[in-house]
Amino acid sequence: MNILTDNMQWVLLVCGLLTFSMVQAVFAPRAVMQSYFGEAPDSKAADLLVRNWGALVAAGGLLLIYAGFNPGIRPPVLIFIGAGKLVFIALVLMAGNPTRQARLAIVIDGLMIALFAAYLLATQGQNI
């Protein structure tokens, strides 16, 4: 497990950048919805919600990047962002028939969750 803990900064930078890429939903909510869910929002309110979702996910990416440079905040950040990713995966799977892009997001987010959990278990009880 030392390889993960020794390289967690890089893991968090990559995960943070991938997560931050959802900032695209702020600028192109219809394209993101079409790509991830196979349908585009049909109202200004739906656009607003997708933009907000994209901004919140992108903010989570920035938190991961920040945690890469600040080991002391890693545990709460990894728990919070990991829980959000887990909820996203559950909701997409419950909706059924995910698009190719949504399946890719599920795999990448699932890998991130596994890395976050492994790091938290490896550092449990340590002063990071």
# chains A, B, ... in the order shown; residues from 1 in each chain; ligands from 1
>>> select_by_dssp(residues="chain A", states="alpha helix (DSSP H)", output="NGL selection string")
:A and (2-6 or 8-20 or 24-27 or 29-37 or 44-69 or 74-95 or 100-122)
>>> residues_around(residues="Arg74 of chain A", least_positions_apart="3", cutoff="10 Å", atoms="only C-alpha atoms", output="list of chain:residue names")
A:Met8, A:Gln9, A:Leu12, A:Leu63, A:Leu64, A:Tyr66, A:Ala67, A:Gly68, A:Phe69, A:Asn70, A:Pro71, A:Val77, A:Leu78, A:Ile79, A:Phe80, A:Phe116, A:Tyr119, A:Leu120, A:Ile128
>>> atom_distance(atom1="atom CA of Pro41 of chain A", atom2="atom CA of Gly60 of chain A")
23.2 Å
>>> residues_around(residues="Ile108 of chain A", least_positions_apart="3", cutoff="12 Å", atoms="only C-alpha atoms", output="number ranges by chain")
A: 14-16, 18-19, 82, 85-86, 88-89, 101-105, 111-115
>>> residues_around(residues="Met22 of chain A", least_positions_apart="6", cutoff="12 Å", atoms="only C-alpha atoms", output="list in words")
Cys15, Gly16, Ala28, Pro29, Ala31, Val32, Met33, Ser35, Tyr36, Val50, Arg51, Asn52, Trp53, Gly54, Ala55, Leu56, Val57, Ala58, Ala59, Gly60, Gly61, Leu62 and Ala105 of chain A
>>> atom_distance(atom1="atom CA of Pro75 of chain A", atom2="atom CA of Ala25 of chain A")
27.3 Å
>>> atom_distance(atom1="atom CA of Leu49 of chain A", atom2="atom CA of Ile106 of chain A")
20.6 Å
>>> closest_residue(among="A:Gly38, A:Ala122, A:Gly110, A:Leu48", to="Thr5 of chain A", atoms="only C-alpha atoms")
A:Ala122
